[in-house]
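The structure file upload.csv is reproduced below (CSV, C-alpha atoms).
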```
chain,number,residue,atom,x,y,z
A,1,MET,CA,162.3,256.7,64.0
A,2,SER,CA,165.4,256.7,66.3
A,3,MET,CA,163.9,253.8,68.3
A,4,LEU,CA,163.6,251.7,65.1
A,5,LEU,CA,167.1,252.5,64.1
A,6,ALA,CA,168.5,251.8,67.6
A,7,CYS,CA,166.7,248.4,67.6
A,8,GLN,CA,168.1,247.6,64.2
A,9,MET,CA,171.6,248.6,65.3
A,10,LEU,CA,171.3,246.5,68.4
A,11,GLY,CA,170.2,243.6,66.3
A,12,GLU,CA,173.2,244.0,64.0
A,13,LEU,CA,175.5,244.1,67.0
A,14,VAL,CA,173.9,240.9,68.5
A,15,THR,CA,174.1,239.1,65.1
A,16,ILE,CA,177.8,240.0,64.6
A,17,GLY,CA,178.8,239.6,68.2
A,18,LEU,CA,177.2,236.1,68.5
A,19,SER,CA,177.9,235.1,64.9
A,20,LEU,CA,174.2,234.2,64.4
A,21,PRO,CA,172.9,233.2,61.0
A,22,VAL,CA,169.9,235.5,61.4
A,23,PRO,CA,169.8,239.0,59.8
A,24,GLY,CA,170.3,241.9,62.2
A,25,PRO,CA,167.0,243.6,61.4
A,26,VAL,CA,165.1,240.4,62.4
A,27,ILE,CA,166.9,240.4,65.8
A,28,GLY,CA,166.1,244.1,66.0
A,29,MET,CA,162.4,243.4,65.5
A,30,VAL,CA,162.5,240.9,68.3
A,31,ILE,CA,164.3,243.4,70.6
A,32,LEU,CA,161.6,246.0,69.6
A,33,LEU,CA,158.8,243.6,70.3
A,34,GLY,CA,160.3,242.8,73.7
A,35,GLY,CA,160.6,246.5,74.5
A,36,LEU,CA,157.0,247.1,73.5
A,37,LEU,CA,155.8,244.2,75.6
A,38,LEU,CA,157.6,245.6,78.6
A,39,TYR,CA,156.3,249.1,78.0
A,40,GLY,CA,152.8,247.8,77.5
A,41,LYS,CA,151.8,250.1,74.6
A,42,VAL,CA,153.1,251.6,71.4
A,43,PRO,CA,154.5,255.2,71.9
A,44,GLU,CA,152.8,257.8,69.7
A,45,GLY,CA,156.0,258.7,67.8
A,46,LEU,CA,156.7,255.0,67.0
A,47,ARG,CA,153.1,254.5,65.9
A,48,HIS,CA,153.3,257.5,63.6
A,49,THR,CA,156.6,256.3,62.1
A,50,GLY,CA,155.3,252.8,61.6
A,51,GLU,CA,152.1,254.0,59.9
A,52,GLY,CA,154.3,256.1,57.6
A,53,LEU,CA,156.5,253.1,56.6
A,54,LEU,CA,153.4,250.9,56.1
A,55,ARG,CA,152.0,253.5,53.7
A,56,TYR,CA,154.9,252.8,51.3
A,57,LEU,CA,155.2,249.0,51.9
A,58,THR,CA,154.1,248.1,48.4
A,59,LEU,CA,157.2,249.7,47.0
A,60,LEU,CA,159.2,246.9,48.5
A,61,PHE,CA,157.6,244.5,46.1
A,62,VAL,CA,159.0,246.2,43.1
A,63,PRO,CA,162.5,244.7,43.3
A,64,ALA,CA,161.0,241.2,43.7
A,65,GLY,CA,158.8,241.7,40.7
A,66,VAL,CA,161.7,242.9,38.6
A,67,GLY,CA,163.7,239.9,39.8
A,68,LEU,CA,161.0,237.6,38.6
A,69,MET,CA,161.0,239.2,35.2
A,70,VAL,CA,164.7,239.4,34.8
A,71,HIS,CA,165.4,235.8,36.0
A,72,GLY,CA,162.3,234.2,34.4
A,73,ALA,CA,164.5,231.6,32.5
A,74,LEU,CA,166.2,230.5,35.7
A,75,ILE,CA,162.9,230.2,37.5
A,76,GLY,CA,161.4,228.3,34.6
A,77,ALA,CA,164.3,225.8,34.6
A,78,ASP,CA,163.7,225.0,38.3
A,79,TRP,CA,159.9,225.5,38.4
A,80,LEU,CA,159.2,222.0,39.9
A,81,ALA,CA,161.6,222.4,42.8
A,82,ILE,CA,160.2,225.9,43.5
A,83,VAL,CA,156.5,224.7,43.4
A,84,LEU,CA,157.3,221.7,45.6
A,85,THR,CA,159.2,223.9,48.1
A,86,LEU,CA,156.3,226.4,48.2
A,87,ILE,CA,153.8,223.6,48.8
A,88,ALA,CA,155.9,222.0,51.5
A,89,SER,CA,156.7,225.2,53.3
A,90,THR,CA,153.1,226.3,53.3
A,91,ALA,CA,151.9,223.0,54.7
A,92,LEU,CA,154.6,223.1,57.4
A,93,THR,CA,153.7,226.7,58.3
A,94,ILE,CA,150.0,225.8,58.6
A,95,ALA,CA,150.8,222.7,60.7
A,96,VAL,CA,153.2,224.6,63.1
A,97,THR,CA,150.6,227.4,63.4
A,98,ALA,CA,147.9,224.9,64.3
A,99,TRP,CA,150.1,223.1,66.8
A,100,VAL,CA,151.1,226.4,68.5
A,101,PHE,CA,147.4,227.5,68.6
A,102,ASP,CA,146.4,224.2,70.1
A,103,TRP,CA,149.2,224.3,72.6
A,104,LEU,CA,148.2,227.9,73.7
A,105,GLN,CA,144.6,226.9,74.0
A,106,ARG,CA,145.4,224.0,76.2
A,107,ARG,CA,147.9,226.0,78.3
A,108,TRP,CA,145.6,229.0,78.9
A,109,GLY,CA,142.4,227.0,78.9
A,110,VAL,CA,140.7,229.2,76.3
A,111,SER,CA,137.8,227.9,74.4
A,112,GLY,CA,137.1,228.6,70.7
A,113,SER,CA,134.3,231.1,71.4
A,114,GLU,CA,133.5,233.6,74.2
A,115,ASP,CA,130.1,232.0,75.0
A,116,GLY,CA,131.7,228.5,75.3
A,117,ASP,CA,131.1,225.6,73.0
A,118,ARG,CA,127.8,225.7,71.3
```
Reformat the file's structure so that it appears as structure tokens.
Amino acid sequence: MSMLLACQMLGELVTIGLSLPVPGPVIGMVILLGGLLLYGKVPEGLRHTGEGLLRYLTLLFVPAGVGLMVHGALIGADWLAIVLTLIASTALTIAVTAWVFDWLQRRWGVSGSEDGDR
């Protein structure tokens, strides 16, 4: 647990120190990822803590659901902009993911299957 909090605090310090428009916990996750990549595996204590947090992940959706119910009129007034934004962002995400996947395949010379192309 202390590793997660330390990475979050480092992320907050980096965000504040560099005046970045990115939330500190996001920077903290990147720091944690870098540390895990350097270490090569997930320590047992961190794995146990992560699994405990994931067990209650669904509780984080409660505030979003309440917000949808409370602000239904506002959402209804801007439904077209919301739908268009969702469609555009989903399409952009799929396109960027496909481009990155293609780039990685070309860079590392990996084919789509282990037995080669059939």
Determine, for each residue of range 22-85 of chain A having at least one atom at most 7 Å from an atom of range 1-17 of chain A, the closest pair of atoms and their separation in Å to one decimal, counting only C-alpha atoms; order by chain and ascending number, as a tab-separated table.
```
residue	atom	partner	partner_atom	distance
A:Val22	CA	A:Thr15	CA	6.7
A:Pro23	CA	A:Thr15	CA	6.8
A:Gly24	CA	A:Glu12	CA	4.0
A:Pro25	CA	A:Gln8	CA	5.0
A:Ile27	CA	A:Gly11	CA	4.6
A:Gly28	CA	A:Gly11	CA	4.1
A:Met29	CA	A:Cys7	CA	6.9
A:Ile31	CA	A:Cys7	CA	6.3
A:Leu32	CA	A:Cys7	CA	6.0
A:Leu46	CA	A:Met1	CA	6.6
A:Thr49	CA	A:Met1	CA	6.0
```
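Here CA of Arg47 in chain A is placed at a distance of 13.9 Å from CA of Gly35 in chain A.
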key: Distance in Å - CA of Ile82 in chain A versus CA of Gly67 in chain A   = 14.9 Å
task = Just give me the gap between CA of Val26 in chain A and CA of Gly50 in chain A in Å, one decimal is fine.
result =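 Between these atoms lies a distance of 15.8 Å.
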